[in-house]
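Working notes, beginning with the structure itself.
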Amino acid sequence: MSSGSFAYHYGARGRNSTEPMRDTIGWPLLGHADGRLQKLAEVPQDRPDWAQDLLQIARAAFLADKLSLRSRAVDGWTRRIDLSVEVISPDVWGPSALHLLTRLAETLSADRWTITVRPGAQRWPQQGRTTYADVEEVALFSGGLDSTAWAAERAKVAQGPLLLVSYFEPQWSRQQDRAFTMITSAARRDIAQLKASQQVRLTRKLEASARTRGLLYLATAIYLAAAHGVSQVTVPENGQLAINPPLTPARVAACSTKSVHPGTLHLLNSLIEALGGAVTVTNPYLHLTKGQVCQRALIAGLSPTALTHSTVSCGHPPRNRPDARHYHCGHCYPCLIRQSGLLAALGNDSTPYKTDVWRLGDREDAATDRRALQRWLCHPFSVRDLTTDTPLPSNIDPSPLLDVVESGRVELRQMFAQQGHPITRVDTPPRQLAWEGHLRV
C-alpha cells in the first residue's frame, strides 16, 4: 500500500483475507470481555443481528484506527483506510447504511474510509441460562465527572435495573471502581456494570489518537440495549465538550474529538434507523456547562470530595506518569474545563493535579492548552464558529448550543480571573447572524 494507505479484513473466527493486499485483523487482537458481555445480553428472545454487526464493525474500525499510524500520512494526520468486515446480515447493510457508516467514521477520525461488508459472521450463541440479566436503562459510564453525575441522578430513580457500560482503562480503573461503588451504595435501584477492554494485544507501535474509540463504546451499549428491548442509550457529556469547538485553526475537525457532537449522534441514529433498529442515542447534558453538571451532581447527593477525588476527566493517561496518585495532569484542555466547572459549582477545586498550570510560564510546553484557551476567550464566538467546523443536524436549533458555549466561556473567564490571569479583551459576539442556511448534516 502507498504511504498513509491501509487495507484490512476483519474475519469471523480468525479467517484470513483472500485478498493478499489486506492485513487480517480479528477479535484475538482486542482483549474484549465477550463472556461478561454475553452474560449481560442473555435474554429469552433473539438478539438483533444488526446490533451485533454494528458492534463487530465498530471493533474492526477501532482496530484499523489503532494499527494505522498517522505519522505515515503525507500530512501527518489524514489516512486512507480500506476495511472489509464479515457480518451476519450483509443485505441489511445497503448503500444508504454504508454511506452513513462511512460519513460517521470520517466525522470521527477525519480520515478517508472505505468500508465494505461480506457474509461469514455467525450469531453469538445463547448461553441457555434459566435466568437472565434484566435491564431497563442503559448509559455509558467512564468514571468521569459527567457520567458519574448522570449515574448518581439515575440511581435515585426507583425503576428497573440500570446498566452502566464502561471500558476498562488501566490507567484509572481504580477510580472507575471507586465511582461505581460510590453510586451503588445509595442507589434505589439495581445497577449492573459491564467493563469491557479496549486493549489491543500487540507489541507493535499503535496510533495514539484513536478517534473511533467513542464508536466502540457506543456500539457496545447499543448492542445491549437492543438485546433487552431498551429504546434509548444515554451518553452524558456537557455541552462544552460535546460541541468541543476548536481553540485554534490547527485543531479543527477530528483534531478536537467529536465523539458526542450532535452531528455525530445524528449520523449514528440515522444509521441505526437505516438498519431497522429501534434504539436512539441521546446526550442529556448537551445544554449544560461543566459547572451546571457539577451542580446537578451535588443535588444528586455526591459530596464535593467525591467530585474532586473519585472522578477522572484528564485527557492525558496517567500511565505516562509514574506517580499514580495524580490521575489528572492539570494542564490539558479537559482538566481546564473540569477546573472551571468545579470552581463555578464549589468555589474551589481540591483535585490533586500533577501540575499547577497557573504557575507555568507562557512559553512552557505544558502551558500550550492554557495559552490556546486564553486566546480563544479573547475573541467572540458566533453561530458561524459553531457550525463551520462540524455541521449540525437540520433539526437542531443552534441558539441553545451557542448559549451553552457562551455560558461555558463565562465559567472559563472566571477561572482565569480567579487564578490571576484575567481575560483583558472580550468582543461582543455577532448574535444577530441568521442560522438558517449554515452548514447542516
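In the C-alpha cells, chains take the letters A, B, ... in the order shown, each chain's residues start at 1, and ligands count up from 1 in the order shown.
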Could you find all residues in range 64-246 of chain A that DSSP calls strand (DSSP E) from the backbone, and write them as a PyMOL selection string?
-> chain A and resi 80-87+112-119+137-140+162-168+191-197+232-234
Range 153-329 of chain A: which residues are helix (DSSP H, G or I) by DSSP, as number ranges by chain?
-> A: 153-155, 173-184, 213-228, 239-243, 249-251, 253-255, 262-274, 290-299, 304-309, 318-320
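Shell of Ala186 in chain A at 8 Å, with only C-alpha atoms counted and residues fewer than 2 places along the chain excluded, is Ala155, Lys156, Met182, Ile183, Thr184 and Arg188 of chain A.
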Test item: residues at most 10 Å from range 54-66 of chain A, only C-alpha atoms, excluding those fewer than 6 positions along its chain, as a CSV table (one decimal) with all heavy atoms, in the first residue's frame:
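To be explicit, this is the file written out as selection-v9.csv:
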```csv
chain,number,residue,atom,x,y,z
A,6,PHE,N,-4.0,2.1,4.1
A,6,PHE,CA,-4.0,0.8,4.8
A,6,PHE,C,-5.3,0.0,4.4
A,6,PHE,O,-6.3,0.6,4.1
A,6,PHE,CB,-4.1,1.1,6.3
A,6,PHE,CG,-3.0,2.0,6.9
A,6,PHE,CD1,-3.1,3.4,6.8
A,6,PHE,CD2,-1.8,1.4,7.3
A,6,PHE,CE1,-2.1,4.2,7.3
A,6,PHE,CE2,-0.8,2.3,7.8
A,6,PHE,CZ,-1.0,3.7,7.8
A,7,ALA,N,-5.1,-1.3,4.4
A,7,ALA,CA,-6.3,-2.2,4.0
A,7,ALA,C,-6.3,-3.3,4.9
A,7,ALA,O,-5.3,-4.0,5.2
A,7,ALA,CB,-6.1,-2.6,2.6
A,8,TYR,N,-7.5,-3.6,5.5
A,8,TYR,CA,-7.7,-4.7,6.5
A,8,TYR,C,-8.9,-5.5,6.2
A,8,TYR,O,-9.9,-5.0,5.5
A,8,TYR,CB,-7.8,-4.1,7.9
A,8,TYR,CG,-6.7,-3.2,8.3
A,8,TYR,CD1,-6.8,-1.8,8.3
A,8,TYR,CD2,-5.5,-3.7,8.8
A,8,TYR,CE1,-5.8,-1.0,8.7
A,8,TYR,CE2,-4.5,-2.9,9.2
A,8,TYR,CZ,-4.6,-1.5,9.1
A,8,TYR,OH,-3.6,-0.7,9.5
A,9,HIS,N,-8.9,-6.7,6.7
A,9,HIS,CA,-10.1,-7.6,6.7
A,9,HIS,C,-10.3,-8.1,8.1
A,9,HIS,O,-9.4,-8.7,8.7
A,9,HIS,CB,-9.8,-8.8,5.7
A,9,HIS,CG,-10.9,-9.8,5.8
A,9,HIS,ND1,-12.2,-9.6,5.3
A,9,HIS,CD2,-10.9,-11.1,6.4
A,9,HIS,CE1,-12.9,-10.7,5.5
A,9,HIS,NE2,-12.2,-11.6,6.2
A,10,TYR,N,-11.5,-7.8,8.6
A,10,TYR,CA,-11.9,-8.3,9.9
A,10,TYR,C,-12.7,-9.6,9.7
A,10,TYR,O,-13.8,-9.6,9.3
A,10,TYR,CB,-12.7,-7.3,10.6
A,10,TYR,CG,-13.0,-7.6,12.1
A,10,TYR,CD1,-12.2,-7.1,13.1
A,10,TYR,CD2,-14.1,-8.3,12.5
A,10,TYR,CE1,-12.5,-7.4,14.4
A,10,TYR,CE2,-14.4,-8.6,13.8
A,10,TYR,CZ,-13.6,-8.1,14.8
A,10,TYR,OH,-13.9,-8.4,16.1
A,11,GLY,N,-12.0,-10.7,10.0
A,11,GLY,CA,-12.6,-12.0,9.7
A,11,GLY,C,-13.3,-12.6,11.0
A,11,GLY,O,-12.8,-12.5,12.1
A,12,ALA,N,-14.3,-13.3,10.7
A,12,ALA,CA,-15.0,-14.1,11.8
A,12,ALA,C,-14.2,-15.4,12.1
A,12,ALA,O,-13.7,-16.0,11.2
A,12,ALA,CB,-16.4,-14.5,11.3
A,23,ASP,N,-4.4,-6.9,5.3
A,23,ASP,CA,-4.0,-7.5,6.6
A,23,ASP,C,-5.2,-8.0,7.3
A,23,ASP,O,-6.2,-7.3,7.4
A,23,ASP,CB,-3.3,-6.5,7.5
A,23,ASP,CG,-1.9,-6.1,6.9
A,23,ASP,OD1,-1.3,-6.9,6.1
A,23,ASP,OD2,-1.5,-5.0,7.2
A,25,ILE,N,-7.3,-8.9,10.5
A,25,ILE,CA,-7.4,-8.5,11.9
A,25,ILE,C,-8.6,-9.2,12.4
A,25,ILE,O,-9.5,-9.5,11.7
A,25,ILE,CB,-7.4,-7.0,12.1
A,25,ILE,CG1,-8.6,-6.4,11.3
A,25,ILE,CG2,-6.1,-6.3,11.7
A,25,ILE,CD1,-8.8,-4.9,11.5
A,26,GLY,N,-8.7,-9.4,13.7
A,26,GLY,CA,-9.9,-10.1,14.3
A,26,GLY,C,-9.9,-9.9,15.8
A,26,GLY,O,-9.1,-9.3,16.4
A,27,TRP,N,-10.9,-10.6,16.4
A,27,TRP,CA,-11.2,-10.4,17.8
A,27,TRP,C,-10.0,-10.8,18.7
A,27,TRP,O,-9.9,-10.3,19.8
A,27,TRP,CB,-12.4,-11.2,18.2
A,27,TRP,CG,-12.3,-12.7,18.0
A,27,TRP,CD1,-12.7,-13.5,17.0
A,27,TRP,CD2,-11.8,-13.6,19.0
A,27,TRP,NE1,-12.4,-14.8,17.2
A,27,TRP,CE2,-11.9,-14.9,18.5
A,27,TRP,CE3,-11.3,-13.5,20.3
A,27,TRP,CZ2,-11.5,-16.0,19.1
A,27,TRP,CZ3,-10.9,-14.6,21.0
A,27,TRP,CH2,-11.0,-15.9,20.4
A,29,LEU,N,-7.1,-9.9,18.6
A,29,LEU,CA,-6.2,-8.7,18.8
A,29,LEU,C,-6.8,-7.8,19.9
A,29,LEU,O,-6.1,-6.9,20.4
A,29,LEU,CB,-6.0,-8.0,17.5
A,29,LEU,CG,-5.3,-8.7,16.4
A,29,LEU,CD1,-5.2,-7.8,15.2
A,29,LEU,CD2,-3.9,-9.1,16.9
A,30,LEU,N,-8.1,-7.8,20.1
A,30,LEU,CA,-8.8,-6.9,21.0
A,30,LEU,C,-9.2,-7.7,22.2
A,30,LEU,O,-10.0,-8.6,22.2
A,30,LEU,CB,-10.0,-6.3,20.3
A,30,LEU,CG,-10.7,-5.1,21.0
A,30,LEU,CD1,-9.7,-4.0,21.2
A,30,LEU,CD2,-11.9,-4.7,20.2
A,32,HIS,N,-11.4,-7.9,24.4
A,32,HIS,CA,-12.7,-7.5,24.9
A,32,HIS,C,-13.3,-8.5,25.8
A,32,HIS,O,-12.8,-9.7,26.0
A,32,HIS,CB,-13.7,-7.3,23.7
A,32,HIS,CG,-13.7,-8.5,22.8
A,32,HIS,ND1,-14.3,-9.6,23.1
A,32,HIS,CD2,-13.2,-8.6,21.5
A,32,HIS,CE1,-14.1,-10.5,22.0
A,32,HIS,NE2,-13.5,-9.8,21.1
A,79,ARG,N,-5.4,9.6,6.9
A,79,ARG,CA,-5.1,8.3,6.3
A,79,ARG,C,-6.2,7.8,5.4
A,79,ARG,O,-7.3,8.3,5.4
A,79,ARG,CB,-4.9,7.3,7.4
A,79,ARG,CG,-3.9,7.6,8.5
A,79,ARG,CD,-4.1,6.9,9.8
A,79,ARG,NE,-5.4,7.3,10.4
A,79,ARG,CZ,-5.9,6.8,11.5
A,79,ARG,NH1,-5.1,5.9,12.2
A,79,ARG,NH2,-7.0,7.2,12.0
A,81,ILE,N,-8.2,4.4,4.8
A,81,ILE,CA,-8.3,3.1,5.4
A,81,ILE,C,-9.4,2.4,4.7
A,81,ILE,O,-10.6,2.8,4.6
A,81,ILE,CB,-8.7,3.3,6.9
A,81,ILE,CG1,-7.6,4.0,7.7
A,81,ILE,CG2,-8.9,1.9,7.6
A,81,ILE,CD1,-7.9,4.3,9.1
A,82,ASP,N,-9.1,1.2,4.1
A,82,ASP,CA,-10.0,0.4,3.4
A,82,ASP,C,-10.3,-0.8,4.3
A,82,ASP,O,-9.4,-1.6,4.6
A,82,ASP,CB,-9.4,-0.1,2.1
A,82,ASP,CG,-10.4,-0.8,1.2
A,82,ASP,OD1,-11.4,-1.3,1.7
A,82,ASP,OD2,-10.1,-1.0,0.0
A,83,LEU,N,-11.5,-1.0,4.7
A,83,LEU,CA,-11.8,-2.0,5.7
A,83,LEU,C,-13.0,-2.9,5.3
A,83,LEU,O,-14.0,-2.4,4.8
A,83,LEU,CB,-12.3,-1.3,7.0
A,83,LEU,CG,-12.7,-2.2,8.2
A,83,LEU,CD1,-11.6,-3.1,8.7
A,83,LEU,CD2,-13.2,-1.4,9.4
A,84,SER,N,-12.7,-4.2,5.3
A,84,SER,CA,-13.7,-5.2,5.0
A,84,SER,C,-14.1,-6.0,6.3
A,84,SER,O,-13.2,-6.4,7.0
A,84,SER,CB,-13.2,-6.2,3.9
A,84,SER,OG,-14.0,-7.3,3.8
A,85,VAL,N,-15.4,-6.2,6.5
A,85,VAL,CA,-15.8,-6.8,7.8
A,85,VAL,C,-16.8,-7.9,7.5
A,85,VAL,O,-17.8,-7.7,6.7
A,85,VAL,CB,-16.5,-5.8,8.7
A,85,VAL,CG1,-16.8,-6.4,10.1
A,85,VAL,CG2,-15.6,-4.5,8.9
A,86,GLU,N,-16.6,-9.1,8.1
A,86,GLU,CA,-17.6,-10.1,7.9
A,86,GLU,C,-18.7,-9.9,8.9
A,86,GLU,O,-18.5,-9.7,10.1
A,86,GLU,CB,-16.9,-11.5,8.2
A,86,GLU,CG,-16.0,-11.9,7.1
A,86,GLU,CD,-15.4,-13.3,7.3
A,86,GLU,OE1,-15.8,-14.0,8.3
A,86,GLU,OE2,-14.5,-13.7,6.5
A,87,VAL,N,-20.0,-10.0,8.4
A,87,VAL,CA,-21.1,-9.7,9.3
A,87,VAL,C,-22.1,-10.9,9.1
A,87,VAL,O,-22.0,-11.7,8.3
A,87,VAL,CB,-21.8,-8.4,8.9
A,87,VAL,CG1,-20.9,-7.2,9.2
A,87,VAL,CG2,-22.3,-8.4,7.5
A,88,ILE,N,-23.2,-10.8,9.9
A,88,ILE,CA,-24.2,-11.8,9.8
A,88,ILE,C,-25.2,-11.6,8.7
A,88,ILE,O,-25.6,-12.5,7.9
A,88,ILE,CB,-25.1,-11.9,11.2
A,88,ILE,CG1,-24.2,-12.1,12.4
A,88,ILE,CG2,-26.1,-13.0,11.1
A,88,ILE,CD1,-24.8,-11.9,13.7
A,93,TRP,N,-27.0,-4.1,5.2
A,93,TRP,CA,-26.0,-3.0,5.0
A,93,TRP,C,-26.0,-2.6,3.5
A,93,TRP,O,-25.0,-2.8,2.8
A,93,TRP,CB,-24.6,-3.4,5.5
A,93,TRP,CG,-24.6,-3.7,7.0
A,93,TRP,CD1,-24.9,-4.8,7.6
A,93,TRP,CD2,-24.3,-2.8,8.0
A,93,TRP,NE1,-24.8,-4.7,9.0
A,93,TRP,CE2,-24.4,-3.4,9.2
A,93,TRP,CE3,-23.8,-1.4,8.0
A,93,TRP,CZ2,-24.1,-2.8,10.4
A,93,TRP,CZ3,-23.6,-0.8,9.2
A,93,TRP,CH2,-23.7,-1.5,10.4
A,101,LEU,N,-22.4,5.0,7.5
A,101,LEU,CA,-21.3,4.5,8.3
A,101,LEU,C,-20.0,5.1,7.9
A,101,LEU,O,-19.2,5.5,8.8
A,101,LEU,CB,-21.2,2.9,8.1
A,101,LEU,CG,-20.1,2.2,8.7
A,101,LEU,CD1,-20.2,2.3,10.3
A,101,LEU,CD2,-20.0,0.8,8.3
A,105,ALA,N,-17.6,7.4,10.3
A,105,ALA,CA,-16.2,7.2,10.6
A,105,ALA,C,-15.3,8.4,10.2
A,105,ALA,O,-14.4,8.7,10.9
A,105,ALA,CB,-15.8,5.9,9.8
A,109,SER,N,-12.9,10.6,12.7
A,109,SER,CA,-11.4,10.5,12.6
A,109,SER,C,-10.8,11.4,11.6
A,109,SER,O,-9.5,11.5,11.6
A,109,SER,CB,-11.0,9.0,12.3
A,109,SER,OG,-11.4,8.7,10.9
A,111,ASP,N,-10.4,10.9,8.5
A,111,ASP,CA,-9.7,10.1,7.5
A,111,ASP,C,-10.6,9.8,6.3
A,111,ASP,O,-11.8,10.0,6.4
A,111,ASP,CB,-9.2,8.8,8.2
A,111,ASP,CG,-8.2,9.0,9.3
A,111,ASP,OD1,-7.2,9.6,9.0
A,111,ASP,OD2,-8.5,8.6,10.4
A,113,TRP,N,-12.3,6.8,4.6
A,113,TRP,CA,-12.7,5.4,4.9
A,113,TRP,C,-13.4,4.8,3.7
A,113,TRP,O,-14.3,5.4,3.1
A,113,TRP,CB,-13.6,5.3,6.1
A,113,TRP,CG,-12.9,5.6,7.4
A,113,TRP,CD1,-12.6,6.8,8.0
A,113,TRP,CD2,-12.4,4.6,8.3
A,113,TRP,NE1,-11.9,6.6,9.2
A,113,TRP,CE2,-11.8,5.3,9.4
A,113,TRP,CE3,-12.5,3.2,8.3
A,113,TRP,CZ2,-11.3,4.6,10.5
A,113,TRP,CZ3,-11.9,2.5,9.4
A,113,TRP,CH2,-11.3,3.2,10.5
A,115,ILE,N,-15.6,1.3,3.6
A,115,ILE,CA,-16.0,0.2,4.5
A,115,ILE,C,-16.9,-0.7,3.7
A,115,ILE,O,-18.0,-0.2,3.2
A,115,ILE,CB,-16.6,0.7,5.8
A,115,ILE,CG1,-15.7,1.6,6.5
A,115,ILE,CG2,-17.0,-0.5,6.7
A,115,ILE,CD1,-16.3,2.2,7.8
A,116,THR,N,-16.6,-2.0,3.6
A,116,THR,CA,-17.5,-2.9,2.9
A,116,THR,C,-17.8,-4.1,3.8
A,116,THR,O,-17.0,-4.3,4.8
A,116,THR,CB,-16.8,-3.5,1.6
A,116,THR,OG1,-15.6,-4.0,1.9
A,116,THR,CG2,-16.7,-2.4,0.6
A,117,VAL,N,-18.9,-4.8,3.6
A,117,VAL,CA,-19.3,-5.9,4.4
A,117,VAL,C,-19.4,-7.2,3.5
A,117,VAL,O,-19.7,-7.0,2.3
A,117,VAL,CB,-20.6,-5.7,5.2
A,117,VAL,CG1,-20.4,-4.5,6.1
A,117,VAL,CG2,-21.7,-5.4,4.2
A,121,ALA,N,-19.9,-14.0,9.3
A,121,ALA,CA,-20.0,-14.0,10.8
A,121,ALA,C,-21.3,-14.8,11.2
A,121,ALA,O,-22.2,-15.0,10.4
A,121,ALA,CB,-20.2,-12.6,11.3
A,198,GLN,N,-10.5,-2.4,25.9
A,198,GLN,CA,-10.1,-1.9,24.6
A,198,GLN,C,-8.6,-2.1,24.3
A,198,GLN,O,-8.1,-1.5,23.4
A,198,GLN,CB,-10.4,-0.4,24.6
A,198,GLN,CG,-9.6,0.4,25.6
A,198,GLN,CD,-9.6,1.9,25.3
A,198,GLN,OE1,-10.5,2.4,24.5
A,198,GLN,NE2,-8.8,2.7,25.9
A,199,GLN,N,-8.0,-2.9,25.1
A,199,GLN,CA,-6.6,-3.1,24.9
A,199,GLN,C,-6.3,-4.0,23.7
A,199,GLN,O,-6.7,-5.1,23.6
A,199,GLN,CB,-6.0,-3.7,26.2
A,199,GLN,CG,-6.2,-2.9,27.4
A,199,GLN,CD,-5.7,-1.5,27.2
A,199,GLN,OE1,-4.5,-1.2,27.0
A,199,GLN,NE2,-6.6,-0.5,27.4
A,200,VAL,N,-5.5,-3.5,22.8
A,200,VAL,CA,-5.1,-4.2,21.6
A,200,VAL,C,-3.9,-5.0,22.0
A,200,VAL,O,-2.8,-4.5,22.4
A,200,VAL,CB,-4.8,-3.2,20.5
A,200,VAL,CG1,-4.4,-4.0,19.2
A,200,VAL,CG2,-6.0,-2.4,20.2
A,205,LYS,N,4.0,-0.7,17.5
A,205,LYS,CA,3.6,0.6,17.8
A,205,LYS,C,2.2,0.9,17.4
A,205,LYS,O,1.9,0.5,16.3
A,205,LYS,CB,4.6,1.6,17.2
A,205,LYS,CG,4.3,3.1,17.6
A,205,LYS,CD,5.3,4.0,16.9
A,205,LYS,CE,5.0,5.5,17.3
A,205,LYS,NZ,5.9,6.4,16.6
A,206,LEU,N,1.4,1.5,18.2
A,206,LEU,CA,0.0,1.8,17.9
A,206,LEU,C,-0.3,3.3,17.8
A,206,LEU,O,0.4,4.1,18.4
A,206,LEU,CB,-0.9,1.1,18.9
A,206,LEU,CG,-0.8,-0.4,19.1
A,206,LEU,CD1,-1.7,-0.8,20.3
A,206,LEU,CD2,-1.3,-1.1,17.8
A,207,GLU,N,-1.2,3.6,17.0
A,207,GLU,CA,-1.6,5.0,16.9
A,207,GLU,C,-2.3,5.5,18.2
A,207,GLU,O,-3.1,4.8,18.8
A,207,GLU,CB,-2.6,5.2,15.7
A,207,GLU,CG,-3.3,6.5,15.6
A,207,GLU,CD,-2.3,7.6,15.4
A,207,GLU,OE1,-1.3,7.4,14.8
A,207,GLU,OE2,-2.6,8.7,16.0
A,208,ALA,N,-1.9,6.7,18.6
A,208,ALA,CA,-2.3,7.2,19.9
A,208,ALA,C,-3.6,7.9,19.9
A,208,ALA,O,-4.3,7.9,20.9
A,208,ALA,CB,-1.2,8.2,20.5
A,209,SER,N,-4.0,8.4,18.7
A,209,SER,CA,-5.2,9.3,18.7
A,209,SER,C,-6.5,8.5,18.9
A,209,SER,O,-7.4,9.0,19.7
A,209,SER,CB,-5.3,10.1,17.4
A,209,SER,OG,-5.3,9.2,16.3
A,210,ALA,N,-6.7,7.4,18.2
A,210,ALA,CA,-7.9,6.5,18.5
A,210,ALA,C,-9.2,7.3,18.5
A,210,ALA,O,-10.0,7.1,19.5
A,210,ALA,CB,-7.7,5.7,19.8
A,211,ARG,N,-9.5,8.0,17.5
A,211,ARG,CA,-10.8,8.8,17.4
A,211,ARG,C,-12.0,7.9,17.3
A,211,ARG,O,-13.1,8.3,17.6
A,211,ARG,CB,-10.7,9.8,16.3
A,211,ARG,CG,-9.8,10.9,16.5
A,211,ARG,CD,-10.2,11.8,17.6
A,211,ARG,NE,-9.4,13.0,17.8
A,211,ARG,CZ,-8.6,13.3,18.7
A,211,ARG,NH1,-8.4,12.3,19.7
A,211,ARG,NH2,-7.9,14.4,18.8
A,212,THR,N,-11.9,6.6,16.9
A,212,THR,CA,-13.0,5.8,16.7
A,212,THR,C,-13.4,5.1,18.0
A,212,THR,O,-14.3,4.3,18.1
A,212,THR,CB,-12.8,4.7,15.7
A,212,THR,OG1,-11.6,4.0,16.0
A,212,THR,CG2,-12.6,5.3,14.3
A,213,ARG,N,-12.7,5.4,19.1
A,213,ARG,CA,-12.9,4.7,20.4
A,213,ARG,C,-14.3,5.0,20.9
A,213,ARG,O,-15.0,4.1,21.4
A,213,ARG,CB,-11.9,5.2,21.4
A,213,ARG,CG,-12.1,4.7,22.8
A,213,ARG,CD,-10.9,5.1,23.7
A,213,ARG,NE,-10.6,6.6,23.6
A,213,ARG,CZ,-9.5,7.1,24.0
A,213,ARG,NH1,-8.5,6.4,24.5
A,213,ARG,NH2,-9.4,8.4,23.9
A,214,GLY,N,-14.8,6.2,20.7
A,214,GLY,CA,-16.2,6.5,21.1
A,214,GLY,C,-17.3,5.7,20.4
A,214,GLY,O,-18.3,5.3,21.0
A,215,LEU,N,-17.0,5.4,19.1
A,215,LEU,CA,-18.0,4.5,18.4
A,215,LEU,C,-18.0,3.1,19.0
A,215,LEU,O,-19.0,2.4,19.1
A,215,LEU,CB,-17.6,4.4,16.9
A,215,LEU,CG,-18.4,3.5,16.0
A,215,LEU,CD1,-19.9,3.9,16.1
A,215,LEU,CD2,-17.9,3.5,14.6
A,216,LEU,N,-16.8,2.6,19.4
A,216,LEU,CA,-16.7,1.3,20.0
A,216,LEU,C,-17.5,1.3,21.3
A,216,LEU,O,-18.3,0.3,21.6
A,216,LEU,CB,-15.3,0.9,20.3
A,216,LEU,CG,-15.0,-0.4,21.1
A,216,LEU,CD1,-15.5,-1.6,20.3
A,216,LEU,CD2,-13.5,-0.5,21.4
A,217,TYR,N,-17.4,2.3,22.1
A,217,TYR,CA,-18.1,2.4,23.4
A,217,TYR,C,-19.6,2.4,23.1
A,217,TYR,O,-20.4,1.6,23.7
A,217,TYR,CB,-17.8,3.6,24.2
A,217,TYR,CG,-16.3,3.7,24.6
A,217,TYR,CD1,-15.9,4.9,25.2
A,217,TYR,CD2,-15.4,2.7,24.5
A,217,TYR,CE1,-14.6,5.0,25.6
A,217,TYR,CE2,-14.1,2.8,24.9
A,217,TYR,CZ,-13.7,4.0,25.5
A,217,TYR,OH,-12.4,4.1,25.9
A,218,LEU,N,-20.0,3.2,22.2
A,218,LEU,CA,-21.5,3.4,21.9
A,218,LEU,C,-22.1,2.1,21.3
A,218,LEU,O,-23.2,1.7,21.6
A,218,LEU,CB,-21.7,4.6,21.0
A,218,LEU,CG,-21.6,6.0,21.7
A,218,LEU,CD1,-21.5,7.1,20.6
A,218,LEU,CD2,-22.8,6.2,22.5
A,219,ALA,N,-21.3,1.5,20.4
A,219,ALA,CA,-21.9,0.3,19.8
A,219,ALA,C,-22.1,-0.8,20.8
A,219,ALA,O,-23.0,-1.6,20.6
A,219,ALA,CB,-20.9,-0.2,18.6
A,220,THR,N,-21.2,-0.9,21.8
A,220,THR,CA,-21.4,-1.9,22.9
A,220,THR,C,-22.7,-1.6,23.6
A,220,THR,O,-23.4,-2.6,23.9
A,220,THR,CB,-20.2,-1.9,23.8
A,220,THR,OG1,-19.0,-2.0,23.1
A,220,THR,CG2,-20.3,-2.9,24.9
A,221,ALA,N,-22.9,-0.4,24.0
A,221,ALA,CA,-24.1,0.0,24.7
A,221,ALA,C,-25.4,-0.3,23.8
A,221,ALA,O,-26.4,-0.7,24.3
A,221,ALA,CB,-24.1,1.4,25.1
A,222,ILE,N,-25.3,0.1,22.5
A,222,ILE,CA,-26.4,-0.1,21.6
A,222,ILE,C,-26.7,-1.6,21.5
A,222,ILE,O,-27.9,-2.0,21.5
A,222,ILE,CB,-26.0,0.5,20.2
A,222,ILE,CG1,-26.0,2.0,20.3
A,222,ILE,CG2,-27.1,0.0,19.2
A,222,ILE,CD1,-25.4,2.7,19.1
A,223,TYR,N,-25.7,-2.5,21.4
A,223,TYR,CA,-26.0,-3.9,21.3
A,223,TYR,C,-26.7,-4.4,22.6
A,223,TYR,O,-27.7,-5.2,22.4
A,223,TYR,CB,-24.6,-4.6,21.2
A,223,TYR,CG,-24.7,-6.1,21.4
A,223,TYR,CD1,-25.3,-6.9,20.3
A,223,TYR,CD2,-24.3,-6.8,22.5
A,223,TYR,CE1,-25.5,-8.3,20.5
A,223,TYR,CE2,-24.4,-8.2,22.6
A,223,TYR,CZ,-25.0,-8.9,21.6
A,223,TYR,OH,-25.1,-10.3,21.8
A,271,LEU,N,-28.0,5.9,11.1
A,271,LEU,CA,-27.5,4.6,10.7
A,271,LEU,C,-28.4,3.5,11.4
A,271,LEU,O,-28.7,2.5,10.7
A,271,LEU,CB,-26.1,4.5,11.1
A,271,LEU,CG,-25.4,3.1,10.9
A,271,LEU,CD1,-25.5,2.7,9.5
A,271,LEU,CD2,-24.0,3.1,11.4
A,272,ILE,N,-28.6,3.7,12.7
A,272,ILE,CA,-29.5,2.6,13.3
A,272,ILE,C,-30.8,2.5,12.7
A,272,ILE,O,-31.3,1.4,12.5
A,272,ILE,CB,-29.6,3.0,14.8
A,272,ILE,CG1,-28.2,2.9,15.5
A,272,ILE,CG2,-30.6,2.1,15.5
A,272,ILE,CD1,-28.2,3.5,16.9
A,275,LEU,N,-30.7,0.6,9.5
A,275,LEU,CA,-30.5,-0.8,9.7
A,275,LEU,C,-31.8,-1.5,10.2
A,275,LEU,O,-31.8,-2.7,10.4
A,275,LEU,CB,-29.4,-1.0,10.7
A,275,LEU,CG,-28.0,-0.6,10.3
A,275,LEU,CD1,-27.0,-0.7,11.4
A,275,LEU,CD2,-27.5,-1.4,9.0
```
Excluding Leu100 in chain A and residues on its chain fewer than 3 positions from it, collect all residues at most 12 Å away from it, counting only C-alpha atoms, and give them as JSON, numbers by chain.
-> {"A": [93, 94, 95, 96, 97, 103, 104, 105, 106, 107, 113, 114, 115, 263, 264, 265, 266, 267, 268, 269, 270, 271, 272, 273, 274, 275, 441]}
For Asn283 in chain A, please output as a PyMOL selection string all residues within 12 Å (counting only C-alpha atoms; exclusion window: fewer than 2 positions along the same chain).
-> chain A and resi 139-140+146-147+150+218+232-239+241-243+259-266+280-281+285-288
Given only C-alpha atoms as the counted atoms, nearest of A:Gln240, A:Thr102, A:Gln126, A:Ser399 to Arg47 in chain A = A:Gln126
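Residue nearest Glu411 in chain A within the list A:Gln292, A:Thr424, A:Thr368, A:Ser382: A:Gln292 [criterion: smallest interatomic distance, only C-alpha atoms].
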